[in-house]
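Here is entry_32.pdb, consisting of PDB, C-alpha atoms and all ligand atoms:
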```pdb
ATOM      1  CA  MET P   1      52.038 -49.822   6.994  1.00  0.00           C
ATOM      2  CA  ARG P   2      53.301 -53.329   6.338  1.00  0.00           C
ATOM      3  CA  HIS P   3      54.143 -54.875   9.715  1.00  0.00           C
ATOM      4  CA  ALA P   4      57.875 -55.267  10.444  1.00  0.00           C
ATOM      5  CA  ASP P   5      57.355 -59.010  11.044  1.00  0.00           C
ATOM      6  CA  ALA P   6      55.155 -59.572   7.988  1.00  0.00           C
ATOM      7  CA  PRO P   7      56.088 -62.479   5.700  1.00  0.00           C
ATOM      8  CA  ALA P   8      58.691 -61.424   3.096  1.00  0.00           C
ATOM      9  CA  PRO P   9      57.616 -60.717  -0.502  1.00  0.00           C
ATOM     10  CA  GLY P  10      57.349 -64.029  -2.362  1.00  0.00           C
ATOM     11  CA  GLU P  11      56.734 -66.073   0.793  1.00  0.00           C
ATOM     12  CA  LEU P  12      53.839 -68.561   0.659  1.00  0.00           C
ATOM     13  CA  LEU P  13      51.330 -67.970   3.448  1.00  0.00           C
ATOM     14  CA  GLY P  14      50.033 -71.079   5.138  1.00  0.00           C
ATOM     15  CA  ALA P  15      46.385 -71.620   6.043  1.00  0.00           C
ATOM     16  CA  HIS P  16      45.167 -69.478   8.961  1.00  0.00           C
ATOM     17  CA  TYR P  17      43.009 -72.487   9.964  1.00  0.00           C
ATOM     18  CA  GLY P  18      43.186 -76.040   8.587  1.00  0.00           C
ATOM     19  CA  GLN P  19      39.376 -76.339   8.323  1.00  0.00           C
ATOM     20  CA  CYS P  20      38.936 -73.001   6.497  1.00  0.00           C
ATOM     21  CA  PHE P  21      36.771 -73.438   3.371  1.00  0.00           C
ATOM     22  CA  GLY P  22      38.967 -70.902   1.547  1.00  0.00           C
ATOM     23  CA  CYS P  23      42.518 -71.938   2.419  1.00  0.00           C
ATOM     24  CA  GLY P  24      42.448 -75.002   4.719  1.00  0.00           C
ATOM     25  CA  GLY P  25      44.262 -78.151   3.666  1.00  0.00           C
ATOM     26  CA  GLU P  26      41.954 -80.352   5.787  1.00  0.00           C
ATOM     27  CA  GLN P  27      38.780 -79.271   3.972  1.00  0.00           C
ATOM     28  CA  PRO P  28      38.246 -81.745   1.079  1.00  0.00           C
ATOM     29  CA  HIS P  29      35.769 -79.611  -0.899  1.00  0.00           C
ATOM     30  CA  GLY P  30      37.409 -76.309  -0.019  1.00  0.00           C
ATOM     31  CA  LEU P  31      39.158 -73.954  -2.422  1.00  0.00           C
ATOM     32  CA  HIS P  32      42.686 -74.787  -1.191  1.00  0.00           C
ATOM     33  CA  LEU P  33      43.598 -71.250  -2.161  1.00  0.00           C
ATOM     34  CA  ALA P  34      47.332 -70.627  -1.884  1.00  0.00           C
ATOM     35  CA  ALA P  35      48.336 -67.016  -1.182  1.00  0.00           C
ATOM     36  CA  ARG P  36      51.760 -65.439  -1.408  1.00  0.00           C
ATOM     37  CA  ALA P  37      52.976 -62.163   0.100  1.00  0.00           C
ATOM     38  CA  GLY P  38      53.648 -59.429  -2.459  1.00  0.00           C
ATOM     39  CA  GLU P  39      55.418 -56.079  -2.186  1.00  0.00           C
ATOM     40  CA  GLY P  40      54.017 -53.463   0.195  1.00  0.00           C
ATOM     41  CA  LEU P  41      50.475 -54.301   1.263  1.00  0.00           C
ATOM     42  CA  SER P  42      49.710 -56.691  -1.589  1.00  0.00           C
ATOM     43  CA  ILE P  43      49.011 -60.401  -1.997  1.00  0.00           C
ATOM     44  CA  THR P  44      48.723 -62.799  -4.915  1.00  0.00           C
ATOM     45  CA  ALA P  45      46.840 -66.098  -4.808  1.00  0.00           C
ATOM     46  CA  GLU P  46      45.806 -68.969  -7.038  1.00  0.00           C
ATOM     47  CA  PHE P  47      42.706 -71.108  -7.004  1.00  0.00           C
ATOM     48  CA  THR P  48      41.837 -73.877  -9.472  1.00  0.00           C
ATOM     49  CA  VAL P  49      38.097 -74.386 -10.017  1.00  0.00           C
ATOM     50  CA  ARG P  50      37.112 -78.028  -9.420  1.00  0.00           C
ATOM     51  CA  PRO P  51      33.858 -79.843 -10.344  1.00  0.00           C
ATOM     52  CA  GLU P  52      32.592 -79.462  -6.750  1.00  0.00           C
ATOM     53  CA  HIS P  53      32.671 -75.671  -7.218  1.00  0.00           C
ATOM     54  CA  GLN P  54      30.095 -75.559 -10.062  1.00  0.00           C
ATOM     55  CA  GLY P  55      26.977 -73.413 -10.212  1.00  0.00           C
ATOM     56  CA  ALA P  56      25.869 -73.824 -13.856  1.00  0.00           C
ATOM     57  CA  PRO P  57      27.171 -76.884 -15.758  1.00  0.00           C
ATOM     58  CA  GLY P  58      30.903 -76.540 -16.254  1.00  0.00           C
ATOM     59  CA  LEU P  59      31.078 -73.085 -14.643  1.00  0.00           C
ATOM     60  CA  ALA P  60      32.193 -71.878 -11.224  1.00  0.00           C
ATOM     61  CA  HIS P  61      29.473 -70.818  -8.791  1.00  0.00           C
ATOM     62  CA  GLY P  62      29.487 -67.051  -8.176  1.00  0.00           C
ATOM     63  CA  GLY P  63      29.467 -67.553  -4.411  1.00  0.00           C
ATOM     64  CA  VAL P  64      32.573 -69.719  -4.690  1.00  0.00           C
ATOM     65  CA  LEU P  65      34.293 -66.987  -6.724  1.00  0.00           C
ATOM     66  CA  ALA P  66      33.245 -64.449  -4.049  1.00  0.00           C
ATOM     67  CA  THR P  67      34.805 -66.807  -1.480  1.00  0.00           C
ATOM     68  CA  ALA P  68      38.073 -66.826  -3.437  1.00  0.00           C
ATOM     69  CA  LEU P  69      38.063 -63.014  -3.456  1.00  0.00           C
ATOM     70  CA  ASP P  70      37.118 -62.870   0.243  1.00  0.00           C
ATOM     71  CA  GLU P  71      39.890 -65.301   1.187  1.00  0.00           C
ATOM     72  CA  THR P  72      42.507 -63.444  -0.867  1.00  0.00           C
ATOM     73  CA  LEU P  73      41.460 -60.120   0.666  1.00  0.00           C
ATOM     74  CA  GLY P  74      41.487 -61.743   4.126  1.00  0.00           C
ATOM     75  CA  SER P  75      45.069 -62.904   3.518  1.00  0.00           C
ATOM     76  CA  LEU P  76      46.131 -59.238   3.582  1.00  0.00           C
ATOM     77  CA  ASN P  77      45.733 -59.560   7.368  1.00  0.00           C
ATOM     78  CA  TRP P  78      49.040 -61.446   7.408  1.00  0.00           C
ATOM     79  CA  LEU P  79      50.844 -58.323   6.202  1.00  0.00           C
ATOM     80  CA  LEU P  80      49.214 -56.084   8.804  1.00  0.00           C
ATOM     81  CA  ARG P  81      49.428 -58.846  11.457  1.00  0.00           C
ATOM     82  CA  THR P  82      45.894 -57.924  12.404  1.00  0.00           C
ATOM     83  CA  ILE P  83      42.897 -60.204  12.873  1.00  0.00           C
ATOM     84  CA  ALA P  84      40.031 -58.806  10.820  1.00  0.00           C
ATOM     85  CA  VAL P  85      36.740 -60.148   9.469  1.00  0.00           C
ATOM     86  CA  THR P  86      34.820 -59.173   6.354  1.00  0.00           C
ATOM     87  CA  GLY P  87      32.246 -56.454   7.032  1.00  0.00           C
ATOM     88  CA  ARG P  88      31.419 -55.682   3.403  1.00  0.00           C
ATOM     89  CA  LEU P  89      32.289 -57.380   0.093  1.00  0.00           C
ATOM     90  CA  GLU P  90      31.147 -55.832  -3.198  1.00  0.00           C
ATOM     91  CA  THR P  91      31.736 -58.159  -6.140  1.00  0.00           C
ATOM     92  CA  ASP P  92      31.694 -57.708  -9.931  1.00  0.00           C
ATOM     93  CA  PHE P  93      31.383 -60.848 -12.056  1.00  0.00           C
ATOM     94  CA  VAL P  94      32.829 -59.859 -15.423  1.00  0.00           C
ATOM     95  CA  ARG P  95      33.331 -63.197 -17.219  1.00  0.00           C
ATOM     96  CA  PRO P  96      32.172 -66.772 -16.599  1.00  0.00           C
ATOM     97  CA  VAL P  97      34.897 -69.018 -15.166  1.00  0.00           C
ATOM     98  CA  PRO P  98      34.977 -72.613 -16.498  1.00  0.00           C
ATOM     99  CA  VAL P  99      35.804 -75.641 -14.341  1.00  0.00           C
ATOM    100  CA  GLY P 100      39.520 -76.397 -14.634  1.00  0.00           C
ATOM    101  CA  THR P 101      40.469 -72.716 -14.803  1.00  0.00           C
ATOM    102  CA  THR P 102      43.199 -71.453 -12.515  1.00  0.00           C
ATOM    103  CA  LEU P 103      42.130 -68.072 -11.249  1.00  0.00           C
ATOM    104  CA  HIS P 104      45.041 -65.723 -10.548  1.00  0.00           C
ATOM    105  CA  LEU P 105      44.062 -63.302  -7.819  1.00  0.00           C
ATOM    106  CA  ALA P 106      45.762 -60.112  -6.674  1.00  0.00           C
ATOM    107  CA  ALA P 107      44.710 -57.949  -3.731  1.00  0.00           C
ATOM    108  CA  GLU P 108      45.948 -54.844  -1.962  1.00  0.00           C
ATOM    109  CA  VAL P 109      45.079 -52.682   1.001  1.00  0.00           C
ATOM    110  CA  THR P 110      43.905 -49.267  -0.176  1.00  0.00           C
ATOM    111  CA  ALA P 111      43.343 -47.522   3.193  1.00  0.00           C
ATOM    112  CA  VAL P 112      43.230 -48.119   6.940  1.00  0.00           C
ATOM    113  CA  ALA P 113      41.117 -45.940   9.258  1.00  0.00           C
ATOM    114  CA  GLY P 114      41.012 -47.055  12.884  1.00  0.00           C
ATOM    115  CA  ARG P 115      39.639 -50.637  12.875  1.00  0.00           C
ATOM    116  CA  LYS P 116      38.517 -50.348   9.239  1.00  0.00           C
ATOM    117  CA  ILE P 117      40.694 -51.877   6.506  1.00  0.00           C
ATOM    118  CA  TYR P 118      39.702 -51.077   2.902  1.00  0.00           C
ATOM    119  CA  SER P 119      40.983 -53.345   0.150  1.00  0.00           C
ATOM    120  CA  THR P 120      40.466 -54.330  -3.466  1.00  0.00           C
ATOM    121  CA  ALA P 121      41.067 -57.509  -5.507  1.00  0.00           C
ATOM    122  CA  THR P 122      40.897 -58.876  -9.053  1.00  0.00           C
ATOM    123  CA  GLY P 123      40.797 -62.438 -10.355  1.00  0.00           C
ATOM    124  CA  ARG P 124      42.163 -63.172 -13.825  1.00  0.00           C
ATOM    125  CA  ILE P 125      41.720 -66.252 -15.981  1.00  0.00           C
ATOM    126  CA  GLY P 126      44.684 -68.529 -16.649  1.00  0.00           C
ATOM    127  CA  ALA P 127      47.581 -66.156 -15.923  1.00  0.00           C
ATOM    128  CA  PRO P 128      48.480 -63.118 -13.796  1.00  0.00           C
ATOM    129  CA  ASP P 129      47.906 -60.937 -16.884  1.00  0.00           C
ATOM    130  CA  GLY P 130      44.922 -62.931 -18.208  1.00  0.00           C
ATOM    131  CA  PRO P 131      41.439 -61.491 -18.777  1.00  0.00           C
ATOM    132  CA  VAL P 132      39.704 -60.137 -15.658  1.00  0.00           C
ATOM    133  CA  ALA P 133      36.865 -62.434 -14.540  1.00  0.00           C
ATOM    134  CA  VAL P 134      36.001 -61.044 -11.093  1.00  0.00           C
ATOM    135  CA  ARG P 135      36.680 -57.951  -9.011  1.00  0.00           C
ATOM    136  CA  ALA P 136      35.856 -56.999  -5.440  1.00  0.00           C
ATOM    137  CA  ASP P 137      36.122 -54.091  -3.042  1.00  0.00           C
ATOM    138  CA  ALA P 138      36.010 -54.922   0.635  1.00  0.00           C
ATOM    139  CA  LEU P 139      35.868 -53.480   4.114  1.00  0.00           C
ATOM    140  CA  PHE P 140      37.407 -55.657   6.810  1.00  0.00           C
ATOM    141  CA  ILE P 141      36.965 -54.791  10.491  1.00  0.00           C
ATOM    142  CA  GLU P 142      39.680 -55.519  13.040  1.00  0.00           C
ATOM    143  CA  VAL P 143      38.563 -57.808  15.875  1.00  0.00           C
ATOM    144  CA  LYS P 144      40.174 -59.417  18.925  1.00  0.00           C
ATOM    145  CA  VAL P 145      40.604 -63.190  19.146  1.00  0.00           C
ATOM    146  CA  ASP P 146      37.613 -63.106  21.549  1.00  0.00           C
ATOM    147  CA  HIS P 147      35.413 -62.570  18.456  1.00  0.00           C
ATOM    148  CA  PHE P 148      35.961 -66.240  17.549  1.00  0.00           C
ATOM    149  CA  ILE P 149      35.919 -67.578  21.116  1.00  0.00           C
ATOM    150  CA  ASP P 150      32.627 -65.772  21.886  1.00  0.00           C
ATOM    151  CA  HIS P 151      30.817 -66.670  18.651  1.00  0.00           C
ATOM    152  CA  GLY P 152      32.321 -69.939  17.347  1.00  0.00           C
ATOM    153  CA  ARG P 153      30.731 -73.319  18.088  1.00  0.00           C
ATOM    154  CA  GLU P 154      32.140 -74.803  21.276  1.00  0.00           C
ATOM    155  CA  GLU P 155      33.578 -78.019  19.790  1.00  0.00           C
ATOM    156  CA  GLU P 156      35.640 -76.314  17.086  1.00  0.00           C
ATOM    157  CA  ILE P 157      36.822 -73.596  19.503  1.00  0.00           C
ATOM    158  CA  GLN P 158      37.933 -76.224  22.033  1.00  0.00           C
ATOM    159  CA  ALA P 159      39.752 -78.171  19.312  1.00  0.00           C
ATOM    160  CA  ALA P 160      41.466 -74.964  18.121  1.00  0.00           C
ATOM    161  CA  MET P 161      42.449 -74.053  21.694  1.00  0.00           C
ATOM    162  CA  ASN P 162      43.977 -77.511  22.163  1.00  0.00           C
ATOM    163  CA  ASP P 163      46.027 -77.107  18.980  1.00  0.00           C
ATOM    164  CA  PRO P 164      49.294 -75.337  19.884  1.00  0.00           C
ATOM    165  CA  ASP P 165      49.906 -74.422  16.251  1.00  0.00           C
ATOM    166  CA  GLN P 166      46.524 -72.654  16.018  1.00  0.00           C
ATOM    167  CA  ILE P 167      47.127 -70.766  19.280  1.00  0.00           C
ATOM    168  CA  ARG P 168      50.537 -69.632  18.055  1.00  0.00           C
ATOM    169  CA  ARG P 169      48.969 -68.256  14.862  1.00  0.00           C
ATOM    170  CA  ALA P 170      46.203 -66.474  16.757  1.00  0.00           C
ATOM    171  CA  ARG P 171      48.723 -64.874  19.131  1.00  0.00           C
ATOM    172  CA  ALA P 172      50.984 -63.854  16.274  1.00  0.00           C
ATOM    173  CA  PHE P 173      48.078 -62.028  14.637  1.00  0.00           C
ATOM    174  CA  GLU P 174      47.056 -60.267  17.822  1.00  0.00           C
ATOM    175  CA  VAL P 175      50.490 -58.743  18.393  1.00  0.00           C
ATOM    176  CA  ASN P 176      50.158 -55.507  16.463  1.00  0.00           C
ATOM    177  CA  PRO P 177      52.193 -52.800  18.163  1.00  0.00           C
TER     178      PRO P 177
HETATM  179  C1  LIG A 201      41.255 -70.135  20.153  1.00  0.00           C
HETATM  180  C2  LIG A 201      40.580 -69.756  18.890  1.00  0.00           C
HETATM  181  C3  LIG A 201      41.557 -69.317  17.904  1.00  0.00           C
HETATM  182  C4  LIG A 201      40.917 -68.712  16.679  1.00  0.00           C
HETATM  183  C5  LIG A 201      41.993 -68.014  15.926  1.00  0.00           C
HETATM  184  C6  LIG A 201      41.615 -67.570  14.618  1.00  0.00           C
HETATM  185  C7  LIG A 201      42.739 -66.810  13.987  1.00  0.00           C
HETATM  186  C8  LIG A 201      42.353 -66.572  12.622  1.00  0.00           C
HETATM  187  C9  LIG A 201      43.088 -65.493  11.930  1.00  0.00           C
HETATM  188  C10 LIG A 201      42.420 -64.810  11.018  1.00  0.00           C
HETATM  189  C11 LIG A 201      40.956 -65.069  10.779  1.00  0.00           C
HETATM  190  C12 LIG A 201      40.486 -64.423   9.563  1.00  0.00           C
HETATM  191  C13 LIG A 201      39.303 -65.183   8.992  1.00  0.00           C
HETATM  192  C14 LIG A 201      39.154 -64.759   7.567  1.00  0.00           C
HETATM  193  C15 LIG A 201      38.093 -65.566   6.852  1.00  0.00           C
HETATM  194  C16 LIG A 201      37.779 -64.911   5.552  1.00  0.00           C
HETATM  195  C17 LIG A 201      37.070 -63.644   5.790  1.00  0.00           C
HETATM  196  C18 LIG A 201      35.648 -63.915   6.257  1.00  0.00           C
HETATM  197  O1  LIG A 201      34.859 -64.465   5.545  1.00  0.00           O
HETATM  198  S1  LIG A 201      35.221 -63.402   7.835  1.00  0.00           S
HETATM  199  C19 LIG A 201      33.536 -64.058   8.052  1.00  0.00           C
HETATM  200  C20 LIG A 201      32.463 -63.140   7.559  1.00  0.00           C
HETATM  201  N1  LIG A 201      32.329 -61.961   8.375  1.00  0.00           N
HETATM  202  C21 LIG A 201      31.741 -61.992   9.581  1.00  0.00           C
HETATM  203  O2  LIG A 201      31.311 -63.002  10.077  1.00  0.00           O
HETATM  204  C22 LIG A 201      31.603 -60.667  10.305  1.00  0.00           C
HETATM  205  C23 LIG A 201      30.263 -60.567  11.017  1.00  0.00           C
HETATM  206  N2  LIG A 201      30.116 -59.203  11.524  1.00  0.00           N
HETATM  207  C24 LIG A 201      30.543 -58.869  12.781  1.00  0.00           C
HETATM  208  O3  LIG A 201      30.989 -59.706  13.551  1.00  0.00           O
HETATM  209  C25 LIG A 201      30.449 -57.417  13.154  1.00  0.00           C
HETATM  210  O4  LIG A 201      29.472 -56.754  12.393  1.00  0.00           O
HETATM  211  C26 LIG A 201      31.829 -56.681  12.949  1.00  0.00           C
HETATM  212  C27 LIG A 201      32.919 -57.332  13.857  1.00  0.00           C
HETATM  213  C28 LIG A 201      32.304 -56.741  11.470  1.00  0.00           C
HETATM  214  C29 LIG A 201      31.688 -55.212  13.320  1.00  0.00           C
HETATM  215  O5  LIG A 201      31.039 -55.130  14.568  1.00  0.00           O
HETATM  216  P1  LIG A 201      31.635 -54.229  15.760  1.00  0.00           P
HETATM  217  O6  LIG A 201      30.528 -54.086  16.779  1.00  0.00           O
HETATM  218  O7  LIG A 201      32.930 -54.796  16.227  1.00  0.00           O
HETATM  219  O8  LIG A 201      31.995 -52.817  15.143  1.00  0.00           O
HETATM  220  P2  LIG A 201      31.040 -51.663  14.541  1.00  0.00           P
HETATM  221  O9  LIG A 201      31.087 -50.527  15.487  1.00  0.00           O
HETATM  222  O10 LIG A 201      29.727 -52.208  14.118  1.00  0.00           O
HETATM  223  O11 LIG A 201      31.859 -51.288  13.204  1.00  0.00           O
HETATM  224  C30 LIG A 201      33.157 -50.707  13.261  1.00  0.00           C
HETATM  225  C31 LIG A 201      33.247 -49.732  12.116  1.00  0.00           C
HETATM  226  O12 LIG A 201      33.057 -50.440  10.874  1.00  0.00           O
HETATM  227  C32 LIG A 201      31.900 -49.957  10.168  1.00  0.00           C
HETATM  228  N3  LIG A 201      31.214 -51.088   9.556  1.00  0.00           N
HETATM  229  C33 LIG A 201      30.943 -52.286  10.112  1.00  0.00           C
HETATM  230  N4  LIG A 201      30.301 -53.064   9.264  1.00  0.00           N
HETATM  231  C34 LIG A 201      30.157 -52.353   8.127  1.00  0.00           C
HETATM  232  C35 LIG A 201      29.585 -52.643   6.864  1.00  0.00           C
HETATM  233  N5  LIG A 201      29.032 -53.829   6.594  1.00  0.00           N
HETATM  234  N6  LIG A 201      29.622 -51.683   5.900  1.00  0.00           N
HETATM  235  C36 LIG A 201      30.199 -50.477   6.148  1.00  0.00           C
HETATM  236  N7  LIG A 201      30.778 -50.157   7.346  1.00  0.00           N
HETATM  237  C37 LIG A 201      30.740 -51.076   8.310  1.00  0.00           C
HETATM  238  C38 LIG A 201      31.050 -49.261  11.244  1.00  0.00           C
HETATM  239  O13 LIG A 201      30.219 -48.289  10.659  1.00  0.00           O
HETATM  240  C39 LIG A 201      32.115 -48.683  12.140  1.00  0.00           C
HETATM  241  O14 LIG A 201      32.631 -47.530  11.520  1.00  0.00           O
HETATM  242  P3  LIG A 201      33.074 -46.249  12.378  1.00  0.00           P
HETATM  243  O15 LIG A 201      34.185 -46.694  13.298  1.00  0.00           O
HETATM  244  O16 LIG A 201      31.850 -45.802  13.135  1.00  0.00           O
HETATM  245  O17 LIG A 201      33.540 -45.230  11.356  1.00  0.00           O
END
```
Translate the structure described by the file into structure tokens.
Amino acid sequence: MRHADAPAPGELLGAHYGQCFGCGGEQPHGLHLAARAGEGLSITAEFTVRPEHQGAPGLAHGGVLATALDETLGSLNWLLRTIAVTGRLETDFVRPVPVGTTLHLAAEVTAVAGRKIYSTATGRIGAPDGPVAVRADALFIEVKVDHFIDHGREEEIQAAMNDPDQIRRARAFEVNP
């Protein structure tokens, strides 16, 4: 079920962490992916491929495209107000994606079973109804905030803990009645 306090359909979701390679605004080479809440348990997102994202000349690296899918699927957490990490990500690369392309991504939750959140996403070239370039199916696993505190490098964890905005976000996610 979509959480009662989930962002409204159409609302832009901010970054869950400023240094995130997928969505963070403070990460110069990151994807700067911008996600928006959809209806029900769905999300849309856009990501424009820049020269620093190349694999082959003029084409996006597959791992970067997998990151865009991972980040979009991870954004579904905002609708469940659950903290979850990627356990499994199965990706289909259907078409090459040139530098300069805006990839239009759409993701939805397909099932939740205990801590397991199943979801699926597509990325289309140039427009929300453009040709499909990438697809992914994922399994995210719900974790407590301790997951990050226990495993993250000390200096970034300390910086995050000293950032009231970051703490507020973490707490907001953990409240999941
Ligand atoms: C003050 C600090 C503030 C910080 C605040 C931060 C707030 C941020 C908010 C939001 C952050 C979101 C960030 C999103 C970023 C984008 C998404 C990513 O890229 S995430 C990074 C990549 N992923 C990992 O690094 C996971 C590494 N893996 C693990 O840590 C563990 O393996 C983990 C947590 C995923 C599972 O470990 P277990 O010990 O908790 O649980 P077990 O019992 O193993 O699994 C639970 C169930 O899931 C299944 N499962 C687990 N992994 C599976 C897999 N790979 N395939 C199939 N099933 C799997 C198991 O079979 C089990 O199922 P059964 O309950 O028995 O039915």
Kindly resolve the PyMOL selection byres (((chain P and resi 108) around 6) and not hetatm) on the present coordinates and return the residues as a PDB file with C-alpha atoms, keeping the file's coordinate frame.
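Output file expr09.pdb is given in full below:
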```
ATOM      1  CA  LEU P  41      50.475 -54.301   1.263  1.00  0.00           C
ATOM      2  CA  SER P  42      49.710 -56.691  -1.589  1.00  0.00           C
ATOM      3  CA  ALA P 107      44.710 -57.949  -3.731  1.00  0.00           C
ATOM      4  CA  VAL P 109      45.079 -52.682   1.001  1.00  0.00           C
ATOM      5  CA  SER P 119      40.983 -53.345   0.150  1.00  0.00           C
ATOM      6  CA  THR P 120      40.466 -54.330  -3.466  1.00  0.00           C
TER       7      THR P 120
END
```
(request) Find the residue from P:Gly18, P:Pro128, P:Gly74, P:Gly25 that sits nearest to ligand LIG 201 (chain A); use all atoms listed in the file when measuring. (result) P:Gly74
(request) Using only C-alpha atoms, pick whichever of P:Phe148, P:Tyr118, P:Trp78, P:Phe47 has the shortest atom-to-atom distance to P:Asp5. (result)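 When distances to P:Asp5 are compared using only C-alpha atoms, the smallest one comes from P:Trp78.
Distance check against ligand LIG 201 (chain A) using all atoms listed in the file: of P:Glu52, P:Glu26, P:Glu46, P:Glu156, the minimum falls on P:Glu156.
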(message) Show me the residues around (47.0, -69.5, -14.9) - criterion: an atom at most 8 Å away, all atoms listed in the file counted - as number ranges by chain.
(response) P: 46, 101-104, 125-128, 130
(request) May I ask you to write as a PyMOL selection string all residues lying at most 8 Å from ligand LIG 201 (chain A), with only C-alpha atoms and all ligand atoms counted? (result) chain P and resi 16-17+20+22+67+70-71+73-75+77+82-88+113-116+139-143+145-149+157-158+160-161+166-167+169-170+173
(message) So that I can check the surroundings of P:Pro7, please list as a PyMOL selection string every protein, DNA and RNA residue that reaches within 9 Å of it, counting only C-alpha atoms and ignoring chain neighbours fewer than 2 positions away.
(response) chain P and resi 3-5+9-13+36-37+78-79
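Nearest residue to P:Arg2, choosing from P:Ala60, P:Val49, P:Leu89, P:Leu80 and counting all atoms listed in the file: P:Leu80.
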(message) Could you tell me how far atom CA of P:Gly100 sits from atom CA of P:Gly58, in Å to one decimal place?
(response)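 Computed distance, atom CA of P:Gly58 to atom CA of P:Gly100, equals 8.8 Å.
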As AutoDock Vina command-line options, what would the box around stretch 102-120 of chain P look like: edges along x, y and z, 4 Å added on every side, centre and edge lengths in Å to one decimal?
```
--center_x 42.2 --center_y -58.7 --center_z 0.2 --size_x 15.4 --size_y 33.5 --size_z 33.4
```
(request) Between atom CA of P:Ala121 and atom CA of P:Leu69, measure the distance and give it in Å to one decimal. (result) 6.6 Å
(message) Just to confirm, what's the straight-line distance from atom CA of P:Arg81 to atom CA of P:Ala6 in Å (one decimal)?
(response)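 Distance between the two atoms: 6.7 Å.
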(message) With distances taken over all atoms listed in the file, which residue among P:Gln19, P:Thr110, P:Thr44, P:Thr122 lies nearest P:Arg95?
(response)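 Ranked by minimum distance to P:Arg95, first place goes to P:Thr122.
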(message) Using only C-alpha atoms for the distances, tell me which of P:Gln27, P:Thr91, P:Ala138, P:Gly63 is nearest to P:Leu76.
(response) P:Ala138
Could you add N, CA and C atoms to stretch 156-169 of chain P and give me the result as an mmCIF file, keeping the file's coordinate frame?
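The resulting file, rebuild34.cif, is reproduced below:
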```cif
data_model
loop_
_atom_site.group_PDB
_atom_site.id
_atom_site.type_symbol
_atom_site.label_atom_id
_atom_site.label_comp_id
_atom_site.auth_asym_id
_atom_site.auth_seq_id
_atom_site.Cartn_x
_atom_site.Cartn_y
_atom_site.Cartn_z
ATOM 1 N N GLU P 156 34.520 -76.748 17.930
ATOM 2 C CA GLU P 156 35.640 -76.314 17.086
ATOM 3 C C GLU P 156 36.572 -75.373 17.858
ATOM 4 N N ILE P 157 35.991 -74.513 18.712
ATOM 5 C CA ILE P 157 36.822 -73.596 19.503
ATOM 6 C C ILE P 157 37.722 -74.390 20.447
ATOM 7 N N GLN P 158 37.138 -75.401 21.111
ATOM 8 C CA GLN P 158 37.933 -76.224 22.033
ATOM 9 C C GLN P 158 39.064 -76.912 21.277
ATOM 10 N N ALA P 159 38.729 -77.478 20.111
ATOM 11 C CA ALA P 159 39.752 -78.171 19.312
ATOM 12 C C ALA P 159 40.858 -77.194 18.909
ATOM 13 N N ALA P 160 40.470 -75.964 18.522
ATOM 14 C CA ALA P 160 41.466 -74.964 18.121
ATOM 15 C C ALA P 160 42.337 -74.581 19.315
ATOM 16 N N MET P 161 41.704 -74.461 20.490
ATOM 17 C CA MET P 161 42.449 -74.053 21.694
ATOM 18 C C MET P 161 43.408 -75.146 22.159
ATOM 19 N N ASN P 162 43.095 -76.400 21.785
ATOM 20 C CA ASN P 162 43.977 -77.511 22.163
ATOM 21 C C ASN P 162 45.052 -77.756 21.111
ATOM 22 N N ASP P 163 45.055 -76.939 20.062
ATOM 23 C CA ASP P 163 46.027 -77.107 18.980
ATOM 24 C C ASP P 163 47.081 -76.005 19.124
ATOM 25 N N PRO P 164 48.278 -76.363 19.606
ATOM 26 C CA PRO P 164 49.294 -75.337 19.884
ATOM 27 C C PRO P 164 49.626 -74.494 18.655
ATOM 28 N N ASP P 165 49.579 -75.142 17.477
ATOM 29 C CA ASP P 165 49.906 -74.422 16.251
ATOM 30 C C ASP P 165 48.872 -73.315 15.991
ATOM 31 N N GLN P 166 47.599 -73.637 16.235
ATOM 32 C CA GLN P 166 46.524 -72.654 16.018
ATOM 33 C C GLN P 166 46.645 -71.489 17.004
ATOM 34 N N ILE P 167 46.977 -71.809 18.253
ATOM 35 C CA ILE P 167 47.127 -70.766 19.280
ATOM 36 C C ILE P 167 48.283 -69.835 18.920
ATOM 37 N N ARG P 168 49.373 -70.435 18.446
ATOM 38 C CA ARG P 168 50.537 -69.632 18.055
ATOM 39 C C ARG P 168 50.152 -68.643 16.945
ATOM 40 N N ARG P 169 49.391 -69.141 15.962
ATOM 41 C CA ARG P 169 48.969 -68.256 14.862
ATOM 42 C C ARG P 169 48.087 -67.127 15.371
#
```
